[in-house]
$ cat final08.txt   # compact mmCIF, C-alpha atoms and all ligand atoms
# COMPACT_ATOMS: atom_id res chain seq x y z
CA MET A 1 142.22 117.15 40.94
CA GLY A 2 139.08 118.23 39.16
CA LEU A 3 135.60 119.34 40.04
CA LEU A 4 133.08 116.53 39.55
CA LEU A 5 129.46 117.57 39.15
CA LYS A 6 127.57 114.34 39.79
CA ASN A 7 124.13 113.19 38.68
CA GLY A 8 122.83 116.50 37.37
CA TRP A 9 120.58 116.89 34.34
CA VAL A 10 122.34 118.12 31.20
CA MET A 11 120.41 119.17 28.14
CA ASN A 12 121.09 117.37 24.87
CA HIS A 13 120.63 118.85 21.37
CA GLN A 14 116.99 117.83 21.26
CA GLY A 15 116.32 119.72 24.49
CA LYS A 16 115.93 116.52 26.52
CA GLY A 17 117.54 116.10 29.89
CA ILE A 18 120.09 113.33 30.37
CA GLN A 19 121.45 112.46 33.78
CA ILE A 20 125.20 112.53 33.49
CA ASP A 21 128.34 113.56 35.35
CA VAL A 22 130.38 116.57 34.32
CA LEU A 23 134.09 116.62 35.11
CA LEU A 24 135.86 119.98 35.09
CA LYS A 25 139.63 120.34 35.02
CA GLY A 26 141.34 123.70 35.19
CA ASP A 27 139.17 126.18 33.35
CA ARG A 28 137.71 123.58 30.96
CA VAL A 29 134.96 121.01 30.78
CA HIS A 30 137.12 117.89 30.71
CA LYS A 31 134.59 115.09 30.21
CA LEU A 32 130.90 114.28 30.21
CA GLY A 33 130.03 110.73 31.19
CA LYS A 34 129.59 108.29 34.03
CA GLY A 35 131.78 106.38 36.42
CA PHE A 36 134.56 108.91 37.01
CA PRO A 37 136.55 107.93 40.12
CA GLU A 38 135.42 110.17 42.94
CA ASP A 39 138.49 110.04 45.16
CA HIS A 40 140.56 112.20 42.83
CA HIS A 41 138.13 115.05 42.67
CA GLN A 42 136.08 117.54 44.59
CA VAL A 43 132.56 116.13 44.23
CA ILE A 44 129.42 118.25 44.02
CA ASP A 45 126.11 116.42 44.23
CA CYS A 46 123.77 117.78 41.55
CA GLU A 47 120.99 115.22 41.99
CA GLY A 48 117.68 116.73 40.92
CA LYS A 49 119.30 119.85 39.48
CA TRP A 50 120.19 121.05 35.98
CA VAL A 51 123.78 121.65 34.99
CA LEU A 52 123.63 124.38 32.33
CA PRO A 53 126.04 126.56 30.41
CA GLY A 54 126.62 129.79 32.37
CA PHE A 55 124.19 132.55 31.44
CA ILE A 56 125.41 135.51 29.39
CA ASP A 57 123.95 139.01 29.73
CA MET A 58 125.01 141.43 27.01
CA HIS A 59 123.38 144.47 28.63
CA VAL A 60 124.35 145.41 32.18
CA HIS A 61 125.05 148.70 33.96
CA LEU A 62 127.77 148.32 36.58
CA ARG A 63 127.78 152.09 37.34
CA GLU A 64 131.51 152.18 38.15
CA PRO A 65 133.25 154.57 37.73
CA GLY A 66 131.28 157.54 38.92
CA PHE A 67 128.08 156.14 40.38
CA GLU A 68 129.40 153.72 42.98
CA HIS A 69 126.49 154.51 45.30
CA LYS A 70 124.23 152.73 42.75
CA GLU A 71 126.48 149.74 42.00
CA THR A 72 130.14 148.77 41.71
CA ILE A 73 131.94 146.20 39.60
CA GLU A 74 132.18 144.11 42.76
CA SER A 75 128.50 144.30 43.76
CA GLY A 76 127.26 144.06 40.17
CA THR A 77 129.29 140.95 39.35
CA ARG A 78 128.17 139.37 42.63
CA ALA A 79 124.58 140.03 41.60
CA ALA A 80 125.40 138.41 38.25
CA ALA A 81 126.88 135.32 39.92
CA LYS A 82 123.83 135.03 42.16
CA GLY A 83 121.57 135.17 39.12
CA GLY A 84 123.52 132.40 37.36
CA PHE A 85 125.28 134.77 34.94
CA THR A 86 128.92 133.93 34.27
CA THR A 87 129.59 136.60 31.64
CA ILE A 88 128.22 140.12 31.45
CA ALA A 89 128.84 143.00 29.05
CA CYS A 90 128.88 146.40 30.76
CA MET A 91 127.60 149.59 29.20
CA PRO A 92 129.79 152.70 28.92
CA ASN A 93 127.44 155.37 30.35
CA THR A 94 129.55 155.79 33.48
CA LYS A 95 131.34 158.91 34.71
CA PRO A 96 133.72 159.34 33.03
CA VAL A 97 132.19 157.61 30.02
CA LEU A 98 134.08 154.52 28.78
CA ASP A 99 135.16 156.31 25.62
CA ALA A 100 138.92 155.70 25.50
CA ALA A 101 141.39 152.84 25.86
CA GLU A 102 142.46 153.84 29.38
CA GLN A 103 138.86 153.79 30.66
CA ILE A 104 138.37 150.33 29.16
CA GLN A 105 141.63 149.13 30.67
CA SER A 106 140.59 150.30 34.13
CA ILE A 107 137.35 148.27 33.88
CA HIS A 108 139.39 145.18 33.01
CA ASP A 109 141.76 145.85 35.90
CA GLN A 110 139.01 146.39 38.44
CA ALA A 111 137.04 143.36 37.18
CA LYS A 112 140.14 141.25 37.57
CA ARG A 113 140.64 142.52 41.14
CA VAL A 114 137.11 142.25 42.48
CA GLY A 115 134.86 140.77 39.78
CA ALA A 116 133.05 137.53 40.49
CA VAL A 117 132.27 136.83 36.80
CA ASN A 118 133.65 137.63 33.36
CA VAL A 119 133.19 141.28 32.44
CA LEU A 120 133.23 142.39 28.82
CA PRO A 121 133.29 146.17 28.43
CA ILE A 122 131.40 147.93 25.66
CA GLY A 123 133.04 151.17 24.50
CA ALA A 124 131.14 154.36 23.71
CA ILE A 125 130.32 155.36 20.13
CA THR A 126 130.88 159.07 20.69
CA GLN A 127 133.09 160.94 23.12
CA ARG A 128 131.28 161.56 26.43
CA GLN A 129 128.25 160.10 24.63
CA LEU A 130 127.46 163.55 23.29
CA GLY A 131 126.78 162.30 19.79
CA GLU A 132 129.39 164.62 18.28
CA THR A 133 132.86 163.12 17.94
CA LEU A 134 133.51 159.44 17.28
CA CYS A 135 135.66 157.54 19.76
CA ASP A 136 138.83 155.79 18.67
CA PHE A 137 137.30 152.33 18.22
CA GLU A 138 140.59 150.78 17.21
CA ALA A 139 142.39 151.92 20.35
CA MET A 140 139.54 150.63 22.54
CA GLN A 141 139.49 147.37 20.61
CA ARG A 142 143.21 146.85 21.28
CA VAL A 143 142.56 146.75 25.03
CA GLY A 144 139.42 144.63 24.64
CA ILE A 145 135.88 145.76 23.90
CA VAL A 146 133.13 143.54 22.52
CA ALA A 147 131.08 146.28 20.85
CA VAL A 148 130.41 150.01 20.81
CA SER A 149 127.26 151.69 22.14
CA ASP A 150 125.98 155.03 23.40
CA ASP A 151 123.41 153.15 25.49
CA GLY A 152 121.27 155.47 27.57
CA VAL A 153 120.91 157.88 24.69
CA GLY A 154 120.35 157.44 20.97
CA VAL A 155 122.90 158.73 18.44
CA GLN A 156 120.73 161.50 17.01
CA SER A 157 122.61 162.36 13.82
CA ALA A 158 122.15 159.86 10.98
CA GLY A 159 125.44 161.06 9.50
CA LYS A 160 127.31 160.37 12.74
CA MET A 161 125.70 156.94 13.04
CA LYS A 162 126.70 156.07 9.48
CA GLU A 163 130.27 157.16 10.18
CA ALA A 164 130.30 155.02 13.35
CA MET A 165 128.92 152.01 11.50
CA SER A 166 131.51 152.32 8.72
CA GLN A 167 134.34 152.47 11.26
CA ALA A 168 132.94 149.61 13.31
CA ALA A 169 132.36 147.46 10.20
CA LYS A 170 136.04 147.78 9.25
CA LEU A 171 137.06 146.53 12.68
CA GLY A 172 134.40 143.82 12.89
CA LEU A 173 132.83 145.48 15.94
CA PRO A 174 129.06 145.32 16.48
CA VAL A 175 127.21 148.61 16.94
CA VAL A 176 124.81 148.15 19.86
CA ALA A 177 122.10 150.78 19.68
CA HIS A 178 119.88 152.50 22.17
CA CYS A 179 117.11 153.62 19.82
CA GLU A 180 115.37 156.82 20.78
CA ASP A 181 114.71 159.85 18.60
CA ASN A 182 114.95 162.82 20.97
CA SER A 183 112.64 164.95 18.83
CA LEU A 184 109.81 162.52 19.62
CA ILE A 185 110.30 162.01 23.38
CA GLN A 186 108.45 165.20 24.45
CA GLY A 187 109.62 164.81 28.04
CA GLY A 188 107.72 161.56 28.47
CA CYS A 189 108.29 159.27 31.44
CA VAL A 190 106.02 156.30 30.59
CA HIS A 191 104.56 154.75 27.43
CA ASP A 192 102.27 157.06 25.51
CA GLY A 193 99.19 154.94 26.07
CA ALA A 194 96.29 154.19 28.39
CA TYR A 195 98.34 154.39 31.61
CA ALA A 196 99.81 157.81 30.71
CA GLN A 197 96.31 159.12 29.96
CA THR A 198 94.78 157.80 33.17
CA HIS A 199 97.50 159.33 35.31
CA GLY A 200 97.96 162.55 33.36
CA LEU A 201 101.61 161.79 32.57
CA ARG A 202 103.50 162.69 29.42
CA GLY A 203 104.12 159.66 27.23
CA ILE A 204 107.01 158.32 25.15
CA PRO A 205 105.45 157.29 21.83
CA SER A 206 106.34 153.99 20.15
CA GLU A 207 107.62 155.74 17.03
CA CYS A 208 110.34 157.31 19.18
CA GLU A 209 112.06 153.91 19.07
CA ALA A 210 110.85 152.56 15.74
CA VAL A 211 111.84 155.62 13.69
CA HIS A 212 115.37 155.28 14.98
CA ILE A 213 115.54 151.57 14.21
CA ALA A 214 114.22 152.12 10.67
CA ARG A 215 116.96 154.69 10.04
CA ASP A 216 119.67 152.48 11.47
CA ILE A 217 118.56 149.41 9.51
CA LEU A 218 119.02 151.36 6.27
CA LEU A 219 122.45 152.51 7.43
CA ALA A 220 123.41 148.97 8.45
CA GLU A 221 122.41 147.79 4.99
CA GLN A 222 124.72 150.40 3.48
CA THR A 223 127.68 149.81 5.77
CA GLY A 224 127.39 146.05 6.37
CA VAL A 225 128.01 146.47 10.09
CA HIS A 226 126.56 144.08 12.65
CA TYR A 227 123.80 146.27 14.03
CA HIS A 228 122.27 145.20 17.35
CA VAL A 229 119.07 146.71 18.73
CA CYS A 230 119.02 147.09 22.52
CA HIS A 231 115.91 146.40 24.61
CA ILE A 232 113.37 146.28 21.78
CA SER A 233 109.94 147.26 23.11
CA THR A 234 107.32 147.93 20.42
CA LYS A 235 105.45 145.91 17.83
CA GLU A 236 106.60 148.32 15.11
CA SER A 237 110.24 147.73 16.08
CA VAL A 238 109.74 143.95 15.93
CA ARG A 239 108.18 144.30 12.47
CA LEU A 240 111.14 146.38 11.23
CA VAL A 241 113.74 143.93 12.52
CA ARG A 242 111.79 141.01 11.07
CA GLU A 243 111.71 142.65 7.62
CA ALA A 244 115.39 143.57 7.82
CA LYS A 245 116.37 139.99 8.66
CA HIS A 246 114.16 138.77 5.86
CA ASN A 247 116.14 141.02 3.52
CA GLY A 248 119.49 139.71 4.70
CA ILE A 249 120.56 142.84 6.58
CA PRO A 250 122.90 141.97 9.50
CA VAL A 251 120.59 142.98 12.34
CA THR A 252 120.17 141.34 15.74
CA ALA A 253 117.96 142.32 18.68
CA GLU A 254 117.53 141.72 22.38
CA VAL A 255 114.53 141.96 24.70
CA THR A 256 114.42 142.30 28.49
CA PRO A 257 112.56 140.02 30.91
CA HIS A 258 110.44 142.98 32.08
CA HIS A 259 109.24 143.84 28.58
CA LEU A 260 108.32 140.17 28.07
CA LEU A 261 106.44 139.87 31.36
CA LEU A 262 104.89 143.28 32.02
CA SER A 263 102.83 145.86 30.16
CA GLU A 264 101.58 149.33 31.10
CA ASN A 265 98.47 147.60 32.52
CA ASP A 266 100.60 146.13 35.30
CA ILE A 267 101.85 149.43 36.74
CA PRO A 268 100.30 149.96 40.17
CA GLY A 269 99.61 153.61 40.94
CA LEU A 270 102.66 155.80 40.47
CA ASP A 271 105.42 153.37 41.46
CA PRO A 272 108.77 154.40 39.87
CA ASN A 273 109.98 150.81 40.19
CA PHE A 274 107.95 150.39 37.01
CA LYS A 275 109.71 153.29 35.29
CA MET A 276 112.31 152.24 32.74
CA ASN A 277 113.51 153.26 29.30
CA PRO A 278 112.10 152.08 26.99
CA PRO A 279 108.91 152.08 29.04
CA LEU A 280 106.53 149.18 29.60
CA ARG A 281 104.37 149.31 26.48
CA SER A 282 100.88 148.05 25.65
CA GLU A 283 99.73 144.45 25.99
CA GLU A 284 99.73 144.24 22.19
CA ASP A 285 103.40 145.24 22.14
CA ARG A 286 104.21 142.64 24.79
CA GLN A 287 102.56 139.93 22.71
CA ALA A 288 104.55 141.05 19.65
CA LEU A 289 107.78 140.76 21.66
CA ILE A 290 106.95 137.20 22.71
CA GLU A 291 106.09 136.35 19.12
CA GLY A 292 109.35 137.94 17.94
CA LEU A 293 111.32 135.91 20.47
CA LEU A 294 109.61 132.70 19.35
CA ASP A 295 110.17 133.21 15.61
CA GLY A 296 113.81 134.28 16.03
CA THR A 297 113.31 137.95 15.10
CA ILE A 298 114.55 138.75 18.59
CA ASP A 299 117.80 136.87 19.05
CA PHE A 300 118.23 136.75 22.79
CA ILE A 301 117.31 138.06 26.23
CA ALA A 302 119.35 140.68 28.13
CA THR A 303 118.40 142.22 31.46
CA ASP A 304 119.39 145.90 31.08
CA HIS A 305 120.24 145.63 34.80
CA ALA A 306 120.08 149.30 35.84
CA PRO A 307 120.54 149.83 39.58
CA HIS A 308 119.61 153.11 41.28
CA ALA A 309 119.71 154.20 44.91
CA GLN A 310 116.42 154.02 46.79
CA GLU A 311 116.20 157.77 47.40
CA GLU A 312 116.59 158.38 43.66
CA LYS A 313 113.76 156.00 42.88
CA GLU A 314 111.55 157.67 45.49
CA MET A 315 111.38 160.96 43.61
CA GLY A 316 108.06 160.19 41.91
CA MET A 317 107.16 158.93 38.46
CA GLU A 318 108.21 162.07 36.62
CA ARG A 319 111.50 162.79 38.37
CA ALA A 320 112.86 159.34 39.31
CA PRO A 321 115.57 157.94 37.01
CA PHE A 322 114.69 155.27 34.45
CA GLY A 323 115.71 151.68 35.06
CA ILE A 324 115.32 148.54 37.17
CA VAL A 325 117.65 145.77 38.35
CA GLY A 326 117.41 142.39 36.65
CA LEU A 327 120.38 140.07 37.09
CA GLU A 328 119.18 138.18 40.14
CA THR A 329 115.61 137.55 39.06
CA ALA A 330 115.82 137.01 35.29
CA PHE A 331 115.98 133.24 35.11
CA PRO A 332 113.35 132.32 37.73
CA LEU A 333 110.94 134.93 36.32
CA LEU A 334 111.36 133.73 32.73
CA TYR A 335 111.23 130.07 33.69
CA THR A 336 108.08 130.51 35.78
CA HIS A 337 106.20 132.86 33.47
CA LEU A 338 107.27 131.70 30.01
CA VAL A 339 108.42 128.07 30.28
CA GLN A 340 105.99 126.83 32.92
CA LYS A 341 103.13 128.55 31.13
CA GLY A 342 104.06 126.77 27.90
CA LEU A 343 105.05 129.86 25.91
CA LEU A 344 108.70 128.91 25.53
CA THR A 345 110.52 125.59 25.87
CA LEU A 346 113.25 125.24 28.49
CA LYS A 347 115.73 124.65 25.65
CA ALA A 348 114.72 127.88 23.91
CA LEU A 349 115.05 129.86 27.14
CA ILE A 350 118.50 128.41 27.85
CA ASP A 351 119.63 129.05 24.27
CA LYS A 352 118.54 132.66 24.48
CA LEU A 353 120.55 133.17 27.65
CA THR A 354 123.67 131.26 26.55
CA ARG A 355 124.43 129.96 23.06
CA VAL A 356 122.72 132.67 21.02
CA PRO A 357 124.27 135.78 22.62
CA ALA A 358 127.67 134.01 22.50
CA GLU A 359 127.28 133.27 18.80
CA ARG A 360 126.03 136.72 17.88
CA PHE A 361 128.94 138.40 19.67
CA ASN A 362 131.58 135.81 18.81
CA LEU A 363 132.27 134.78 22.38
CA ALA A 364 133.88 131.39 22.91
CA ARG A 365 131.32 130.56 25.60
CA GLY A 366 127.69 129.62 26.02
CA THR A 367 127.84 125.85 25.50
CA LEU A 368 128.44 122.88 27.76
CA ARG A 369 130.57 120.32 25.95
CA GLU A 370 133.97 118.69 26.32
CA GLY A 371 136.76 121.20 25.80
CA ALA A 372 134.54 124.25 26.35
CA ILE A 373 135.33 126.88 28.97
CA ALA A 374 133.90 125.72 32.30
CA ASP A 375 131.34 128.47 32.83
CA ILE A 376 128.42 126.65 34.40
CA THR A 377 125.19 127.44 36.18
CA ILE A 378 123.45 124.87 38.33
CA VAL A 379 119.72 125.46 38.65
CA ASP A 380 117.04 123.87 40.81
CA LEU A 381 113.84 124.05 38.75
CA GLU A 382 111.79 122.85 41.72
CA LEU A 383 113.07 125.45 44.15
CA GLU A 384 110.39 128.03 44.83
CA GLN A 385 111.08 131.38 46.47
CA SER A 386 109.52 134.79 46.44
CA ILE A 387 111.53 137.80 45.32
CA ASN A 388 112.77 139.95 48.17
CA PRO A 389 114.95 142.91 47.10
CA ARG A 390 116.57 142.96 50.54
CA ASP A 391 118.25 139.66 49.62
CA PHE A 392 119.90 141.12 46.51
CA ALA A 393 123.68 141.20 46.16
CA SER A 394 123.18 144.23 43.92
CA LYS A 395 123.19 147.62 45.61
CA GLY A 396 120.01 148.35 43.65
CA GLN A 397 116.71 147.14 45.04
CA ASN A 398 114.65 148.80 42.32
CA THR A 399 112.55 145.96 40.95
CA PRO A 400 108.88 145.78 39.97
CA PHE A 401 108.84 142.07 40.86
CA THR A 402 108.88 142.30 44.67
CA ASN A 403 106.98 139.39 46.26
CA TRP A 404 106.56 137.53 42.98
CA THR A 405 106.91 133.82 43.70
CA CYS A 406 109.05 131.98 41.16
CA GLN A 407 110.53 128.57 40.59
CA GLY A 408 113.87 127.77 38.98
CA TRP A 409 116.54 129.42 41.12
CA PRO A 410 120.26 129.08 40.48
CA THR A 411 122.04 127.26 43.30
CA MET A 412 125.66 127.42 42.13
CA THR A 413 127.68 129.43 39.61
CA ILE A 414 131.03 128.29 38.25
CA VAL A 415 133.27 130.65 36.27
CA ASN A 416 136.33 129.39 34.42
CA GLY A 417 136.20 126.17 36.44
CA GLN A 418 135.93 127.84 39.86
CA VAL A 419 132.87 127.94 42.08
CA VAL A 420 132.22 131.66 42.56
CA TRP A 421 128.85 131.49 44.28
CA SER A 422 126.54 128.92 45.84
CA THR A 423 123.39 128.98 47.97
CA GLU A 424 125.27 127.25 50.79
CA ARG A 425 128.36 129.43 50.86
CA GLY A 426 127.44 132.66 49.12
CA ILE A 427 130.23 134.39 47.26
CA GLU A 428 133.46 132.41 47.31
CA GLN A 429 136.55 134.35 48.22
CA GLN A 430 138.73 132.73 45.59
CA SER A 431 136.59 134.56 43.08
CA GLN A 432 138.54 137.64 44.04
CA GLU A 433 141.38 136.71 41.78
CA GLY A 434 141.88 135.93 38.22
CA VAL A 435 138.52 134.72 37.02
CA VAL A 436 138.30 137.40 34.39
CA ASN A 437 139.04 136.14 30.95
CA HIS A 438 138.96 138.52 28.04
CA ASP A 439 137.41 136.98 24.96
ZN ZN B 501 120.83 150.05 29.22
$ encode --input "final08.txt" --output "structure tokens" --more "lines below"
Ligand SMILES: [Zn+2]
Amino acid sequence: MGLLLKNGWVMNHQGKGIQIDVLLKGDRVHKLGKGFPEDHHQVIDCEGKWVLPGFIDMHVHLREPGFEHKETIESGTRAAAKGGFTTIACMPNTKPVLDAAEQIQSIHDQAKRVGAVNVLPIGAITQRQLGETLCDFEAMQRVGIVAVSDDGVGVQSAGKMKEAMSQAAKLGLPVVAHCEDNSLIQGGCVHDGAYAQTHGLRGIPSECEAVHIARDILLAEQTGVHYHVCHISTKESVRLVREAKHNGIPVTAEVTPHHLLLSENDIPGLDPNFKMNPPLRSEEDRQALIEGLLDGTIDFIATDHAPHAQEEKEMGMERAPFGIVGLETAFPLLYTHLVQKGLLTLKALIDKLTRVPAERFNLARGTLREGAIADITIVDLELEQSINPRDFASKGQNTPFTNWTCQGWPTMTIVNGQVVWSTERGIEQQSQEGVVNHD
């Protein structure tokens, strides 16, 4: 007995849609073709929909342990499933910080118990993310991490970063960097630009990020580590990564949907749902990010899903925490505002949410072909809905995209061959067990 996805559109190598049936058996894609006997299988009618590789998000905050009022592994992975994501990497800035093997193990255990999708933990670079003492990367790697990062804060000491990169290079672990030089932040809460001036707010200058990236690129060149830039946001940063790649330095970068779609000009009044780190930059920066995504300087898209409780976000622009949710709105927003507007092809968008992150982080996922792991997202490109945070599976409702009308909503998510979520049935209960697979 398999799962037969009938008559959906599958994308070929040229980016063209072909109408074909997909037969899943166990946790694998068994066959692509036509004319499979229906009586042996559970049949799902995919007429008019696209059958795509499951989306991968390498930058998610699940908030557990320590901040369960913001999100839990259960609610965060349900949000992922609803957004069409089948694999997410979770950042270590929890409480306690994921800085030792036992913390990593407990994420795996909890994800296995209640997770709706695959969860890949990222271990911290320094103990308690204080930037002082390196974590035991090897011990964390033994229990399964995909990378190390002090996301949420930049590693301030160049010496410490070099030490971390040398260690990580030996183990073949990517260093995933939040780039922010604390000596340049000056207590800023938004981009140091026109919006900050108009509203009399302190700004975070672009060089705060770019200076850090420049330093790290030189260190990556020295150590040979795979250096990955988180949530790139400025034109200077894009230029630096472009030059580094040109010079053969092993650098990759990600960009968020909100930095691709919004600039400081779009912030209405003093709404903290538009407050994130890095901040929404200038329109010129936004254009540079789109250009960087198109020419391959920026490798892929990640949401930086960062849920906060409503009362925390209501504390005003200066005091509210940084961050917005992103898992449940990423694909429809990007499809509607990049693909439909002709800025990006559908194939490029899919690649940047599936194949490319998988390749860069050596995950055996991200493609739809015979023999591959059956992580699949079914999307209705015609389906139009407006974004209502009250519908989110995430505990966080902090989004700047409320009431935006988008097309291209996921309708079913399949992880390791099992339907974990669908528009008809919501979260499937069988997802409660054993869908987690550690790459
Ligand atoms: Zn983050």
$ residues_around --input "final08.txt" --residues "Glu284 in chain A" --least-positions-apart "3" --cutoff "9 Å" --atoms "all atoms listed in the file" --output "number ranges by chain"
A: 234-235, 263, 281, 287-289
$ residues_near_ligand --input "final08.txt" --ligand "ligand ZN 501 (chain B)" --cutoff "7 Å" --atoms "all atoms listed in the file" --output "NGL selection string"
:A and (59-61 or 91 or 151-152 or 304 or 306)
$ closest_residue --input "final08.txt" --among "A:Val153, A:Met412, A:Ala220, A:Cys406" --to "Pro278 in chain A" --atoms "all atoms listed in the file"
A:Val153
$ residues_around --input "final08.txt" --residues "Ile145 in chain A" --least-positions-apart "5" --cutoff "9 Å" --atoms "only C-alpha atoms" --output "count of residues only"
10
$ closest_atom_pairs --input "final08.txt" --of "range 331-402 of chain A" --to "range 32-36 of chain A" --cutoff "10 Å" --atoms "only C-alpha atoms" --output "Markdown table"
| residue | atom | partner | partner_atom | distance |
| --- | --- | --- | --- | --- |
| A:Leu368 | CA | A:Leu32 | CA | 9.3 |
| A:Arg369 | CA | A:Leu32 | CA | 7.4 |
| A:Glu370 | CA | A:Leu32 | CA | 6.6 |
$ write_last_selection --input "final08.txt" --atoms "C-alpha atoms" --output "PDB file, in the coordinates of the input"
ATOM      1  CA  LEU A 368     128.440 122.880  27.760  1.00  0.00           C
ATOM      2  CA  ARG A 369     130.570 120.320  25.950  1.00  0.00           C
ATOM      3  CA  GLU A 370     133.970 118.690  26.320  1.00  0.00           C
TER       4      GLU A 370
END
$ atom_distance --input "final08.txt" --atom1 "CA of Gly8 in chain A" --atom2 "CA of Glu47 in chain A"
5.1 Å
$ closest_atom_pairs --input "final08.txt" --of "range 247-301 of chain A" --to "range 174-192 of chain A" --cutoff "12 Å" --atoms "all atoms listed in the file" --output "JSON lines"
{"residue": "A:Pro250", "atom": "CA", "partner": "A:Pro174", "partner_atom": "CA", "distance": 9.9}
{"residue": "A:Val251", "atom": "CA", "partner": "A:Pro174", "partner_atom": "CA", "distance": 9.7}
{"residue": "A:Thr252", "atom": "CA", "partner": "A:Val176", "partner_atom": "CA", "distance": 9.2}
{"residue": "A:Ala253", "atom": "CA", "partner": "A:Val176", "partner_atom": "CA", "distance": 9.1}
{"residue": "A:Glu254", "atom": "CA", "partner": "A:Val176", "partner_atom": "CA", "distance": 10.0}
{"residue": "A:His259", "atom": "CA", "partner": "A:His191", "partner_atom": "CA", "distance": 11.9}
{"residue": "A:Ser263", "atom": "CA", "partner": "A:His191", "partner_atom": "CA", "distance": 9.5}
{"residue": "A:Glu264", "atom": "CA", "partner": "A:His191", "partner_atom": "CA", "distance": 7.2}
{"residue": "A:Asn265", "atom": "CA", "partner": "A:His191", "partner_atom": "CA", "distance": 10.7}
{"residue": "A:Ile267", "atom": "CA", "partner": "A:Val190", "partner_atom": "CA", "distance": 10.1}
{"residue": "A:Leu270", "atom": "CA", "partner": "A:Val190", "partner_atom": "CA", "distance": 10.4}
{"residue": "A:Asp271", "atom": "CA", "partner": "A:Val190", "partner_atom": "CA", "distance": 11.3}
{"residue": "A:Pro272", "atom": "CA", "partner": "A:Cys189", "partner_atom": "CA", "distance": 9.7}
{"residue": "A:Asn273", "atom": "CA", "partner": "A:Val190", "partner_atom": "CA", "distance": 11.7}
{"residue": "A:Phe274", "atom": "CA", "partner": "A:Val190", "partner_atom": "CA", "distance": 8.9}
{"residue": "A:Lys275", "atom": "CA", "partner": "A:Val190", "partner_atom": "CA", "distance": 6.7}
{"residue": "A:Met276", "atom": "CA", "partner": "A:Val190", "partner_atom": "CA", "distance": 7.8}
{"residue": "A:Asn277", "atom": "CA", "partner": "A:Val190", "partner_atom": "CA", "distance": 8.2}
{"residue": "A:Pro278", "atom": "CA", "partner": "A:His191", "partner_atom": "CA", "distance": 8.0}
{"residue": "A:Pro279", "atom": "CA", "partner": "A:Val190", "partner_atom": "CA", "distance": 5.3}
{"residue": "A:Leu280", "atom": "CA", "partner": "A:His191", "partner_atom": "CA", "distance": 6.3}
{"residue": "A:Arg281", "atom": "CA", "partner": "A:His191", "partner_atom": "CA", "distance": 5.5}
{"residue": "A:Ser282", "atom": "CA", "partner": "A:His191", "partner_atom": "CA", "distance": 7.8}
{"residue": "A:Glu283", "atom": "CA", "partner": "A:His191", "partner_atom": "CA", "distance": 11.5}
{"residue": "A:Asp285", "atom": "CA", "partner": "A:His191", "partner_atom": "CA", "distance": 10.9}
$ closest_residue --input "final08.txt" --among "A:Arg239, A:His258, A:Lys347, A:Lys245" --to "Leu333 in chain A" --atoms "all atoms listed in the file"
A:His258
$ closest_residue --input "final08.txt" --among "A:Pro307, A:Gly426, A:Gly366, A:Gly371" --to "Glu71 in chain A" --atoms "all atoms listed in the file"
A:Pro307
$ residues_around --input "final08.txt" --residues "Leu24 in chain A" --least-positions-apart "3" --cutoff "6 Å" --atoms "only C-alpha atoms" --output "VMD selection string"
chain A and resid 2 to 3 28 to 30
$ atom_distance --input "final08.txt" --atom1 "CA of Asp150 in chain A" --atom2 "CA of Asp99 in chain A"
9.5 Å
$ atom_distance --input "final08.txt" --atom1 "CA of Val238 in chain A" --atom2 "CA of Val211 in chain A"
12.1 Å
$ closest_residue --input "final08.txt" --among "A:Asp216, A:Asp57, A:Asp39, A:Glu236" --to "Val155 in chain A" --atoms "only C-alpha atoms"
A:Asp216
$ decode --input "final08.txt" --residues "range 371-393 of chain A" --atoms "C-alpha atoms" --output "PDB file, in the first residue's frame"
ATOM      1  CA  GLY A 371      14.354   6.972  -4.535  1.00  0.00           C
ATOM      2  CA  ALA A 372      14.410  10.340  -2.740  1.00  0.00           C
ATOM      3  CA  ILE A 373      12.966  10.801   0.732  1.00  0.00           C
ATOM      4  CA  ALA A 374       9.242  11.478   0.399  1.00  0.00           C
ATOM      5  CA  ASP A 375       9.157  15.007   1.797  1.00  0.00           C
ATOM      6  CA  ILE A 376       6.570  16.733  -0.364  1.00  0.00           C
ATOM      7  CA  THR A 377       4.575  19.935  -0.414  1.00  0.00           C
ATOM      8  CA  ILE A 378       1.431  20.259  -2.482  1.00  0.00           C
ATOM      9  CA  VAL A 379       0.639  23.830  -3.454  1.00  0.00           C
ATOM     10  CA  ASP A 380      -2.368  25.448  -5.102  1.00  0.00           C
ATOM     11  CA  LEU A 381      -0.987  28.400  -7.063  1.00  0.00           C
ATOM     12  CA  GLU A 382      -4.510  29.619  -7.826  1.00  0.00           C
ATOM     13  CA  LEU A 383      -5.705  29.639  -4.240  1.00  0.00           C
ATOM     14  CA  GLU A 384      -6.007  33.192  -2.977  1.00  0.00           C
ATOM     15  CA  GLN A 385      -6.323  34.090   0.691  1.00  0.00           C
ATOM     16  CA  SER A 386      -5.493  37.040   2.844  1.00  0.00           C
ATOM     17  CA  ILE A 387      -3.117  36.666   5.773  1.00  0.00           C
ATOM     18  CA  ASN A 388      -4.846  36.506   9.129  1.00  0.00           C
ATOM     19  CA  PRO A 389      -2.504  35.948  12.107  1.00  0.00           C
ATOM     20  CA  ARG A 390      -5.392  34.474  14.101  1.00  0.00           C
ATOM     21  CA  ASP A 391      -5.280  31.479  11.736  1.00  0.00           C
ATOM     22  CA  PHE A 392      -1.620  30.735  12.495  1.00  0.00           C
ATOM     23  CA  ALA A 393      -0.574  27.427  14.020  1.00  0.00           C
TER      24      ALA A 393
END
